[in-house]
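Asks: Got a structure for you, query_0.pdb, holding PDB, C-alpha atoms.
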```pdb
ATOM      1  CA  MET A 230      34.928  -0.442 -16.510
ATOM      2  CA  TYR A 231      31.748   0.902 -18.065
ATOM      3  CA  TYR A 232      28.218  -0.466 -17.793
ATOM      4  CA  LEU A 233      25.272   0.655 -19.898
ATOM      5  CA  GLY A 234      21.690   0.347 -18.741
ATOM      6  CA  ALA A 235      18.599   1.336 -20.688
ATOM      7  CA  ASP A 236      14.889   1.507 -19.986
ATOM      8  CA  ILE A 237      13.052   1.260 -23.306
ATOM      9  CA  GLY A 238       9.467   2.304 -22.703
ATOM     10  CA  GLY A 239       6.435   3.172 -24.727
ATOM     11  CA  THR A 240       6.410   6.858 -23.791
ATOM     12  CA  LYS A 241      10.066   7.519 -22.940
ATOM     13  CA  THR A 242      13.535   5.988 -23.127
ATOM     14  CA  ALA A 243      16.311   6.421 -20.573
ATOM     15  CA  LEU A 244      19.917   5.287 -21.036
ATOM     16  CA  ILE A 245      22.816   5.662 -18.610
ATOM     17  CA  ILE A 246      26.436   4.596 -18.318
ATOM     18  CA  ALA A 247      28.060   4.033 -14.937
ATOM     19  CA  ASP A 248      31.474   2.888 -13.743
ATOM     20  CA  LYS A 249      32.256  -0.054 -11.458
ATOM     21  CA  ASN A 250      31.884   2.120  -8.357
ATOM     22  CA  GLY A 251      28.308   2.993  -9.260
ATOM     23  CA  THR A 252      29.011   6.541 -10.360
ATOM     24  CA  VAL A 253      26.665   7.583 -13.145
ATOM     25  CA  LEU A 254      28.748   9.233 -15.861
ATOM     26  CA  THR A 255      26.061  10.163 -18.370
ATOM     27  CA  VAL A 256      22.285  10.134 -18.651
ATOM     28  CA  GLN A 257      20.473  10.318 -21.970
ATOM     29  CA  LYS A 258      16.701  10.516 -22.352
ATOM     30  CA  GLY A 259      14.432  10.453 -25.365
ATOM     31  CA  ILE A 260      11.019   9.551 -26.688
ATOM     32  CA  GLY A 261       9.472   6.109 -26.372
ATOM     33  CA  SER A 262      11.221   3.421 -28.399
ATOM     34  CA  ASN A 263       9.142   0.312 -27.774
ATOM     35  CA  TYR A 264       8.880  -1.208 -31.247
ATOM     36  CA  GLN A 265       5.222  -2.086 -30.703
ATOM     37  CA  GLY A 266       4.429   1.610 -30.520
ATOM     38  CA  CYS A 267       6.848   3.212 -32.970
ATOM     39  CA  GLY A 268       7.936   0.425 -35.296
ATOM     40  CA  LYS A 269      11.172  -1.525 -35.629
ATOM     41  CA  GLU A 270      13.171   1.099 -37.538
ATOM     42  CA  LYS A 271      12.217   4.028 -35.310
ATOM     43  CA  SER A 272      12.966   1.939 -32.235
ATOM     44  CA  TYR A 273      16.499   1.298 -33.465
ATOM     45  CA  GLU A 274      17.025   4.947 -34.414
ATOM     46  CA  VAL A 275      16.017   6.276 -30.989
ATOM     47  CA  ILE A 276      18.059   3.760 -28.985
ATOM     48  CA  ASN A 277      21.113   4.087 -31.215
ATOM     49  CA  GLU A 278      21.015   7.889 -31.074
ATOM     50  CA  LEU A 279      20.942   7.834 -27.265
ATOM     51  CA  ALA A 280      23.734   5.250 -27.122
ATOM     52  CA  GLU A 281      25.875   7.300 -29.490
ATOM     53  CA  LYS A 282      25.311  10.449 -27.416
ATOM     54  CA  ALA A 283      26.178   8.580 -24.217
ATOM     55  CA  ILE A 284      29.505   7.176 -25.398
ATOM     56  CA  LYS A 285      30.452  10.492 -26.974
ATOM     57  CA  ASP A 286      29.638  12.255 -23.714
ATOM     58  CA  ILE A 287      32.222  10.200 -21.814
ATOM     59  CA  ALA A 288      34.677   9.911 -24.728
ATOM     60  CA  ILE A 289      34.681   6.160 -25.293
ATOM     61  CA  GLN A 290      33.741   3.836 -28.149
ATOM     62  CA  LYS A 291      31.003   1.206 -28.090
ATOM     63  CA  ASN A 292      33.635  -1.500 -27.709
ATOM     64  CA  GLY A 293      34.708   0.243 -24.525
ATOM     65  CA  LEU A 294      31.527  -0.884 -22.781
ATOM     66  CA  ASP A 295      31.934  -3.955 -20.591
ATOM     67  CA  TYR A 296      28.245  -4.918 -20.638
ATOM     68  CA  ALA A 297      24.860  -3.484 -21.614
ATOM     69  CA  PHE A 298      21.453  -4.456 -20.309
ATOM     70  CA  PHE A 299      18.148  -3.268 -21.740
ATOM     71  CA  GLY A 300      14.797  -3.338 -19.978
ATOM     72  CA  VAL A 301      12.222  -3.347 -22.748
ATOM     73  CA  ALA A 302       8.491  -2.666 -22.518
ATOM     74  CA  GLY A 303       6.549  -5.214 -24.533
ATOM     75  CA  ALA A 304       9.108  -8.019 -24.128
ATOM     76  CA  ASP A 305       6.397 -10.567 -23.544
ATOM     77  CA  LEU A 306       6.261 -13.404 -26.076
ATOM     78  CA  ASP A 307       8.778 -15.309 -28.170
ATOM     79  CA  TYR A 308       8.228 -13.196 -31.271
ATOM     80  CA  ASP A 309       8.713 -10.026 -29.188
ATOM     81  CA  TYR A 310      12.065 -11.319 -27.984
ATOM     82  CA  ALA A 311      13.157 -12.183 -31.517
ATOM     83  CA  MET A 312      12.174  -8.737 -32.790
ATOM     84  CA  ILE A 313      13.825  -6.891 -29.906
ATOM     85  CA  ASP A 314      17.010  -8.924 -30.250
ATOM     86  CA  SER A 315      17.206  -8.050 -33.955
ATOM     87  CA  ILE A 316      16.919  -4.345 -33.063
ATOM     88  CA  LEU A 317      19.499  -4.385 -30.268
ATOM     89  CA  ASN A 318      21.952  -6.466 -32.284
ATOM     90  CA  ARG A 319      22.170  -3.624 -34.823
ATOM     91  CA  LEU A 320      23.578  -1.334 -32.117
ATOM     92  CA  GLN A 321      26.862  -3.247 -32.336
ATOM     93  CA  ILE A 322      27.258  -3.271 -28.570
ATOM     94  CA  GLN A 323      28.664  -6.478 -27.142
ATOM     95  CA  PRO A 324      28.011  -8.179 -24.849
ATOM     96  CA  TYR A 325      24.390  -7.317 -24.113
ATOM     97  CA  SER A 326      21.168  -8.900 -22.905
ATOM     98  CA  PHE A 327      17.626  -7.728 -22.261
ATOM     99  CA  ASP A 328      14.357  -8.564 -20.570
ATOM    100  CA  ASN A 329      11.007  -6.988 -19.778
ATOM    101  CA  ASP A 330      11.224  -3.530 -18.218
ATOM    102  CA  GLY A 331       9.248  -4.766 -15.221
ATOM    103  CA  LEU A 332      12.250  -6.827 -14.183
ATOM    104  CA  ILE A 333      14.552  -3.801 -14.007
ATOM    105  CA  ALA A 334      11.910  -1.964 -11.990
ATOM    106  CA  LEU A 335      11.992  -4.708  -9.367
ATOM    107  CA  ARG A 336      15.806  -4.879  -9.412
ATOM    108  CA  SER A 337      16.095  -1.122  -8.892
ATOM    109  CA  GLY A 338      13.639  -1.047  -6.013
ATOM    110  CA  THR A 339      15.802  -2.592  -3.278
ATOM    111  CA  GLU A 340      19.464  -3.316  -2.686
ATOM    112  CA  GLN A 341      19.109  -7.062  -3.272
ATOM    113  CA  GLY A 342      16.256  -6.754  -5.755
ATOM    114  CA  THR A 343      14.128  -9.161  -3.732
ATOM    115  CA  GLY A 344      10.404  -8.883  -3.154
ATOM    116  CA  ILE A 345       7.300  -8.347  -5.223
ATOM    117  CA  LEU A 346       6.881  -5.676  -7.864
ATOM    118  CA  VAL A 347       3.451  -4.360  -8.836
ATOM    119  CA  THR A 348       3.382  -1.649 -11.472
ATOM    120  CA  CYS A 349       0.618   0.768 -12.285
ATOM    121  CA  GLY A 350       1.805   3.084 -15.015
ATOM    122  CA  THR A 351       0.396   3.204 -18.514
ATOM    123  CA  GLY A 352      -0.252  -0.508 -18.076
ATOM    124  CA  SER A 353       0.671  -3.075 -15.462
ATOM    125  CA  ILE A 354       3.062  -5.971 -14.926
ATOM    126  CA  SER A 355       4.226  -7.829 -11.827
ATOM    127  CA  TYR A 356       7.386  -9.723 -10.860
ATOM    128  CA  GLY A 357       8.566 -11.624  -7.820
ATOM    129  CA  TYR A 358      12.135 -12.550  -6.816
ATOM    130  CA  ASN A 359      13.306 -14.373  -3.682
ATOM    131  CA  GLN A 360      17.006 -14.936  -4.614
ATOM    132  CA  GLN A 361      16.210 -18.424  -5.855
ATOM    133  CA  GLN A 362      13.621 -17.851  -8.546
ATOM    134  CA  ILE A 363      12.027 -15.126 -10.634
ATOM    135  CA  ALA A 364       8.347 -15.236 -11.508
ATOM    136  CA  ARG A 365       6.131 -13.018 -13.604
ATOM    137  CA  LYS A 366       2.403 -12.390 -13.448
ATOM    138  CA  GLY A 367       0.509 -10.774 -16.318
ATOM    139  CA  GLY A 368       1.763  -7.720 -18.125
ATOM    140  CA  TYR A 369      -0.445  -7.817 -21.198
ATOM    141  CA  SER A 370      -3.652  -5.772 -21.374
ATOM    142  CA  SER A 371      -7.022  -5.503 -19.635
ATOM    143  CA  PHE A 372      -8.453  -7.748 -22.358
ATOM    144  CA  PHE A 373      -5.983 -10.402 -21.253
ATOM    145  CA  GLY A 374      -6.429 -10.062 -17.532
ATOM    146  CA  GLU A 375      -4.834  -6.857 -16.243
ATOM    147  CA  ARG A 376      -6.799  -4.951 -13.617
ATOM    148  CA  LEU A 377      -4.323  -2.123 -13.057
ATOM    149  CA  GLY A 378      -2.700   0.605 -15.145
ATOM    150  CA  GLY A 379      -3.533   4.265 -15.662
ATOM    151  CA  TYR A 380      -5.842   3.645 -18.598
ATOM    152  CA  TYR A 381      -7.705   0.924 -16.715
ATOM    153  CA  VAL A 382      -8.114   2.983 -13.515
ATOM    154  CA  ALA A 383      -9.234   6.052 -15.480
ATOM    155  CA  GLY A 384     -11.692   3.801 -17.269
ATOM    156  CA  MET A 385     -13.183   2.707 -13.938
ATOM    157  CA  VAL A 386     -13.742   6.362 -13.067
ATOM    158  CA  ALA A 387     -15.275   7.206 -16.452
ATOM    159  CA  SER A 388     -17.507   4.140 -16.289
ATOM    160  CA  ALA A 389     -18.653   5.009 -12.765
ATOM    161  CA  ILE A 390     -19.569   8.536 -13.860
ATOM    162  CA  ILE A 391     -21.583   7.395 -16.882
ATOM    163  CA  ARG A 392     -23.326   4.542 -15.079
ATOM    164  CA  GLY A 393     -24.105   6.759 -12.086
ATOM    165  CA  GLU A 394     -25.701   9.395 -14.292
ATOM    166  CA  ASP A 395     -27.928   7.004 -16.233
ATOM    167  CA  GLY A 396     -29.027   5.062 -13.170
ATOM    168  CA  ARG A 397     -27.149   1.784 -13.682
ATOM    169  CA  ALA A 398     -24.950   2.424 -10.646
ATOM    170  CA  PRO A 399     -24.885   4.555  -7.489
ATOM    171  CA  LYS A 400     -24.538   8.314  -7.810
ATOM    172  CA  THR A 401     -21.109   9.926  -7.521
ATOM    173  CA  ILE A 402     -19.801  13.471  -7.242
ATOM    174  CA  MET A 403     -16.900  12.706  -9.572
ATOM    175  CA  HIS A 404     -18.471  14.307 -12.651
ATOM    176  CA  ASP A 405     -19.142  17.549 -10.777
ATOM    177  CA  LEU A 406     -15.540  17.585  -9.557
ATOM    178  CA  LEU A 407     -14.213  16.863 -13.041
ATOM    179  CA  LYS A 408     -16.139  19.801 -14.498
ATOM    180  CA  ARG A 409     -15.171  22.110 -11.642
ATOM    181  CA  HIS A 410     -11.441  21.418 -11.655
ATOM    182  CA  TYR A 411     -10.797  20.646 -15.331
ATOM    183  CA  SER A 412     -13.626  22.435 -17.167
ATOM    184  CA  VAL A 413     -14.448  19.325 -19.175
ATOM    185  CA  THR A 414     -17.389  16.939 -19.252
ATOM    186  CA  ILE A 415     -17.246  13.179 -19.493
ATOM    187  CA  GLU A 416     -19.126  13.470 -22.784
ATOM    188  CA  GLU A 417     -16.330  15.623 -24.213
ATOM    189  CA  MET A 418     -13.818  13.018 -23.131
ATOM    190  CA  MET A 419     -15.658  10.433 -25.193
ATOM    191  CA  LYS A 420     -14.035  11.983 -28.260
ATOM    192  CA  ILE A 421     -10.895   9.987 -27.493
ATOM    193  CA  GLU A 422     -12.786   6.949 -28.782
ATOM    194  CA  TYR A 423     -13.374   8.568 -32.180
ATOM    195  CA  PRO A 424     -10.381   9.170 -34.479
ATOM    196  CA  ASP A 425     -12.203  11.823 -36.505
ATOM    197  CA  GLN A 426     -13.209  13.862 -33.438
ATOM    198  CA  PRO A 427     -10.334  15.963 -32.024
ATOM    199  CA  TYR A 428     -10.115  16.053 -28.236
ATOM    200  CA  ARG A 429      -8.417  19.146 -26.822
ATOM    201  CA  GLY A 430      -9.159  18.747 -23.154
ATOM    202  CA  PRO A 431      -6.864  17.814 -20.253
ATOM    203  CA  ASN A 432      -5.005  14.516 -20.105
ATOM    204  CA  VAL A 433      -7.759  11.963 -19.621
ATOM    205  CA  ASN A 434      -5.907   9.563 -17.334
ATOM    206  CA  ILE A 435      -4.421  12.224 -15.065
ATOM    207  CA  SER A 436      -7.580  14.293 -14.718
ATOM    208  CA  LEU A 437      -9.842  11.313 -14.025
ATOM    209  CA  ILE A 438      -7.463   9.753 -11.484
ATOM    210  CA  ASN A 439      -6.987  13.064  -9.668
ATOM    211  CA  THR A 440     -10.782  13.451  -9.640
ATOM    212  CA  LEU A 441     -10.988   9.994  -8.075
ATOM    213  CA  TYR A 442      -8.764  11.101  -5.185
ATOM    214  CA  ARG A 443     -10.677  14.344  -4.665
ATOM    215  CA  ALA A 444     -13.960  12.464  -4.482
ATOM    216  CA  ALA A 445     -12.579   9.856  -2.081
ATOM    217  CA  HIS A 446     -11.447  12.618   0.282
ATOM    218  CA  GLN A 447     -15.047  13.844   0.268
ATOM    219  CA  GLN A 448     -16.242  10.366   1.299
ATOM    220  CA  ASP A 449     -17.742   9.581  -2.114
ATOM    221  CA  MET A 450     -18.748   5.917  -1.848
ATOM    222  CA  VAL A 451     -18.076   5.085  -5.501
ATOM    223  CA  ALA A 452     -14.609   6.641  -5.429
ATOM    224  CA  ILE A 453     -13.704   4.784  -2.252
ATOM    225  CA  GLN A 454     -14.910   1.541  -3.836
ATOM    226  CA  ILE A 455     -12.575   2.095  -6.793
ATOM    227  CA  LEU A 456      -9.622   2.654  -4.452
ATOM    228  CA  CYS A 457     -10.652  -0.558  -2.690
ATOM    229  CA  GLU A 458     -10.583  -2.388  -6.043
ATOM    230  CA  ILE A 459      -7.053  -1.137  -6.716
ATOM    231  CA  THR A 460      -5.973  -2.225  -3.245
ATOM    232  CA  LYS A 461      -7.599  -5.645  -3.652
ATOM    233  CA  GLU A 462      -5.796  -6.186  -6.945
ATOM    234  CA  VAL A 463      -2.421  -5.418  -5.346
ATOM    235  CA  GLN A 464      -3.294  -7.914  -2.631
ATOM    236  CA  THR A 465      -4.465 -10.510  -5.169
ATOM    237  CA  ILE A 466      -1.228 -10.228  -7.155
ATOM    238  CA  SER A 467       0.902 -10.483  -4.019
ATOM    239  CA  ASN A 468      -1.013 -13.533  -2.795
ATOM    240  CA  ALA A 469      -0.523 -15.204  -6.180
ATOM    241  CA  PHE A 470       3.256 -14.851  -5.853
ATOM    242  CA  ARG A 471       3.225 -16.207  -2.312
ATOM    243  CA  MET A 472       1.392 -19.299  -3.510
ATOM    244  CA  ASP A 473       4.333 -20.026  -5.828
ATOM    245  CA  MET A 474       7.306 -18.651  -3.890
ATOM    246  CA  THR A 475       8.634 -18.318  -0.359
ATOM    247  CA  PHE A 476       9.796 -14.910   0.842
ATOM    248  CA  GLU A 477      11.541 -13.742   3.977
ATOM    249  CA  LEU A 478       9.371 -11.394   6.027
ATOM    250  CA  PRO A 479       8.768  -8.546   5.747
ATOM    251  CA  ILE A 480       8.404  -8.709   1.971
ATOM    252  CA  ASN A 481       9.455  -5.696  -0.063
ATOM    253  CA  LEU A 482       6.382  -4.635  -2.027
ATOM    254  CA  VAL A 483       7.766  -2.358  -4.729
ATOM    255  CA  LEU A 484       5.104  -0.105  -6.237
ATOM    256  CA  GLU A 485       6.243   1.348  -9.557
ATOM    257  CA  GLY A 486       4.699   3.316 -12.387
ATOM    258  CA  SER A 487       3.322   6.823 -12.688
ATOM    259  CA  VAL A 488       0.000   6.054 -10.970
ATOM    260  CA  PHE A 489       1.663   4.719  -7.829
ATOM    261  CA  LYS A 490       4.462   7.291  -7.810
ATOM    262  CA  ASN A 491       1.919  10.115  -7.978
ATOM    263  CA  ALA A 492      -0.652   8.379  -5.799
ATOM    264  CA  ASP A 493      -2.572  10.178  -3.101
ATOM    265  CA  SER A 494      -1.472   9.154   0.378
ATOM    266  CA  LEU A 495      -4.979   7.791   0.962
ATOM    267  CA  LEU A 496      -4.435   4.984  -1.567
ATOM    268  CA  LEU A 497      -0.990   4.140  -0.206
ATOM    269  CA  GLN A 498      -2.353   4.003   3.332
ATOM    270  CA  MET A 499      -5.139   1.691   2.190
ATOM    271  CA  ILE A 500      -2.644  -0.630   0.519
ATOM    272  CA  GLN A 501      -0.363  -0.724   3.568
ATOM    273  CA  THR A 502      -3.292  -1.399   5.891
ATOM    274  CA  ALA A 503      -4.659  -4.174   3.688
ATOM    275  CA  MET A 504      -1.262  -5.840   3.198
ATOM    276  CA  GLY A 505      -0.361  -5.793   6.882
ATOM    277  CA  SER A 506       2.970  -6.219   8.647
ATOM    278  CA  ASP A 507       4.121  -8.989   6.285
ATOM    279  CA  TYR A 508       4.917  -6.293   3.737
ATOM    280  CA  ARG A 509       7.136  -3.228   3.518
ATOM    281  CA  LEU A 510       5.929  -0.725   0.914
ATOM    282  CA  VAL A 511       8.704   0.610  -1.325
ATOM    283  CA  LEU A 512       8.102   3.544  -3.675
ATOM    284  CA  PRO A 513      11.429   4.256  -5.392
ATOM    285  CA  GLU A 514      12.181   7.940  -5.924
ATOM    286  CA  HIS A 515      14.662   7.073  -8.664
ATOM    287  CA  ASP A 516      13.879   5.639 -12.116
ATOM    288  CA  PRO A 517      13.861   1.922 -13.031
ATOM    289  CA  VAL A 518      16.821   2.413 -15.398
ATOM    290  CA  ILE A 519      19.013   1.982 -12.302
ATOM    291  CA  GLY A 520      17.969  -1.672 -12.335
ATOM    292  CA  ALA A 521      19.258  -2.088 -15.895
ATOM    293  CA  VAL A 522      22.734  -0.910 -14.840
ATOM    294  CA  LEU A 523      22.675  -3.274 -11.860
ATOM    295  CA  PHE A 524      21.868  -6.179 -14.171
ATOM    296  CA  ALA A 525      24.669  -5.124 -16.526
ATOM    297  CA  MET A 526      27.133  -5.199 -13.623
ATOM    298  CA  GLU A 527      25.937  -8.556 -12.358
ATOM    299  CA  LYS A 528      25.942 -10.123 -15.828
ATOM    300  CA  ALA A 529      29.556  -8.990 -16.229
ATOM    301  CA  GLY A 530      30.533 -10.535 -12.893
ATOM    302  CA  GLN A 531      30.927  -7.213 -11.119
ATOM    303  CA  PRO A 532      29.816  -7.480  -7.454
ATOM    304  CA  VAL A 533      27.010  -5.113  -6.500
ATOM    305  CA  THR A 534      27.526  -4.033  -2.910
ATOM    306  CA  GLY A 535      25.321  -1.787  -0.843
ATOM    307  CA  SER A 536      27.696   1.102  -1.407
ATOM    308  CA  VAL A 537      27.562   0.602  -5.205
ATOM    309  CA  TYR A 538      23.752   0.509  -5.093
ATOM    310  CA  GLN A 539      23.547   3.683  -3.031
ATOM    311  CA  GLN A 540      26.140   5.443  -5.183
ATOM    312  CA  LEU A 541      24.170   4.633  -8.325
ATOM    313  CA  ILE A 542      21.035   6.204  -6.920
ATOM    314  CA  LYS A 543      22.838   9.198  -5.413
ATOM    315  CA  SER A 544      24.874  10.010  -8.521
ATOM    316  CA  TYR A 545      21.873   9.464 -10.824
ATOM    317  CA  VAL A 546      19.758  11.911  -8.827
ATOM    318  CA  THR A 547      22.642  14.398  -8.640
ATOM    319  CA  TYR A 548      23.303  14.153 -12.396
ATOM    320  CA  ASN A 549      19.642  14.808 -13.227
ATOM    321  CA  LYS A 550      19.435  17.779 -10.857
ATOM    322  CA  ALA A 551      22.524  19.308 -12.432
ATOM    323  CA  LYS A 552      21.006  19.205 -15.938
TER     324      LYS A 552
END
```
Turn the structure described in the file into structure tokens.

Replies:
Amino acid sequence: MYYLGADIGGTKTALIIADKNGTVLTVQKGIGSNYQGCGKEKSYEVINELAEKAIKDIAIQKNGLDYAFFGVAGADLDYDYAMIDSILNRLQIQPYSFDNDGLIALRSGTEQGTGILVTCGTGSISYGYNQQQIARKGGYSSFFGERLGGYYVAGMVASAIIRGEDGRAPKTIMHDLLKRHYSVTIEEMMKIEYPDQPYRGPNVNISLINTLYRAAHQQDMVAIQILCEITKEVQTISNAFRMDMTFELPINLVLEGSVFKNADSLLLQMIQTAMGSDYRLVLPEHDPVIGAVLFAMEKAGQPVTGSVYQQLIKSYVTYNKAK
């Protein structure tokens, strides 16, 4: 029996096929294929190419797949679901289903998939699952309520630097650190706001967030306040789920996304301290695509035991290391 799982993101796409024992047989990765970023036709082309490579790699046909599940970034509103379904239907893989990629991130985080997921990657979305119900919080943009995500956090740093320099906010050493470690000024970074002004400096999000950590370690008040804001938002999201759902303690708090996965230990310690003993922090070392395969198995009626879960993770990591 063969199960396909895919993580269709805005910056990258991952697709794997595993057998009923949880052994990953093939891993295919490509560019982002979220239709909101690349368009409907390009989205289909990328996903189909990866699917074709995957089945060829293990010498089966598409009709040899027992189930496929796709976690899709941007699966938010009814018209998104209709558009995504029209794209996936063209793959001629049956049966299949899909949902937001945040859901597969939560499912991949723990053996039972229970707990609260808070993501901080390019953007942010949150899910909760207690074995009886699934709930979602947010997942749109900062304009529509998000207070996490790499772009948002980097924006807090950039704003603090500008406001500190013109006197609208307390002083911070973050601009000095940015110039010292990345040889770029905040004024140069402003070019990202102007399409006719090429910006050739370091990655804005990464450099500003790393500068934030450096400043916090030097007891910069503004930097520490920003880390406090991130921590408070994680706590706010978690509290919102607990108002709607009942969880067994301790609650798995799954932190996903590039910002959390590459976070300085200082931020993680602040989150753990603020959340207290009711929560167990989980930072998966594997990718969320594992959750898509788990959903494919469960949708097909294949039991997911602890050994299957562990084998999926182990064989996925081993496969990637071998490539």

Asks: From (29.6, -11.1, -23.0), in the file's coordinates, out to 9 Å: which residues are reached, counting only C-alpha atoms? Answer as a PyMOL selection string.

Replies: chain A and resi 295-296+323-326+528-529

Asks: Carefully work through the PyMOL selection byres ((chain A and resi 320) around 9) for this structure and note down the residues it includes, as a list in words.

Replies: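 For this structure, the PyMOL selection byres ((chain A and resi 320) around 9) resolves to Tyr273, Ile276, Asn277, Ala280, Lys291, Ile316, Leu317, Asn318, Arg319, Gln321, Ile322 and Gln323 of chain A.
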
Asks: Box for range 433-436 of chain A: with edges along x, y and z, all listed atoms inside and 4 Å added on each side, what are the centre and edge lengths in Å to one decimal, as lines of an AutoDock Vina configuration file?

Replies:
```
center_x = -6.1
center_y = 11.9
center_z = -17.2
size_x = 11.3
size_y = 12.7
size_z = 12.9
```

Asks: Please write as a list in words the full residue list that the PyMOL selection byres ((chain A and resi 253-258) around 9) yields on this file.

Replies: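 That expression, the PyMOL selection byres ((chain A and resi 253-258) around 9), corresponds here to Lys241, Thr242, Ala243, Leu244, Ile245, Ile246, Ala247, Asp248, Asn250, Gly251, Thr252, Gly259, Ile260, Leu279, Ala280, Lys282, Ala283, Ile284, Asp286, Ile287, Gln540, Leu541, Ile542, Lys543, Ser544, Tyr545, Tyr548 and Asn549 of chain A.
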
Asks: So how many Å separate CA of Ile354 in chain A and CA of Cys267 in chain A, to one decimal?

Replies: 20.6 Å

Asks: Report as a PyMOL selection string the residues that result from applying the PyMOL selection byres ((chain A and resi 419) around 12) to the structure here.

Replies: chain A and resi 384+387-388+391+413-418+420-430+433

Asks: Export C-alpha atoms of the chosen residues as a short mmCIF file (atom, residue, chain, number, x, y, z; two decimals), in the coordinates of the input?

Replies:
```cif
data_model
loop_
_atom_site.label_atom_id
_atom_site.label_comp_id
_atom_site.auth_asym_id
_atom_site.auth_seq_id
_atom_site.Cartn_x
_atom_site.Cartn_y
_atom_site.Cartn_z
CA GLY A 384 -11.69 3.80 -17.27
CA ALA A 387 -15.28 7.21 -16.45
CA SER A 388 -17.51 4.14 -16.29
CA ILE A 391 -21.58 7.40 -16.88
CA VAL A 413 -14.45 19.32 -19.18
CA THR A 414 -17.39 16.94 -19.25
CA ILE A 415 -17.25 13.18 -19.49
CA GLU A 416 -19.13 13.47 -22.78
CA GLU A 417 -16.33 15.62 -24.21
CA MET A 418 -13.82 13.02 -23.13
CA LYS A 420 -14.04 11.98 -28.26
CA ILE A 421 -10.90 9.99 -27.49
CA GLU A 422 -12.79 6.95 -28.78
CA TYR A 423 -13.37 8.57 -32.18
CA PRO A 424 -10.38 9.17 -34.48
CA ASP A 425 -12.20 11.82 -36.51
CA GLN A 426 -13.21 13.86 -33.44
CA PRO A 427 -10.33 15.96 -32.02
CA TYR A 428 -10.12 16.05 -28.24
CA ARG A 429 -8.42 19.15 -26.82
CA GLY A 430 -9.16 18.75 -23.15
CA VAL A 433 -7.76 11.96 -19.62
#
```
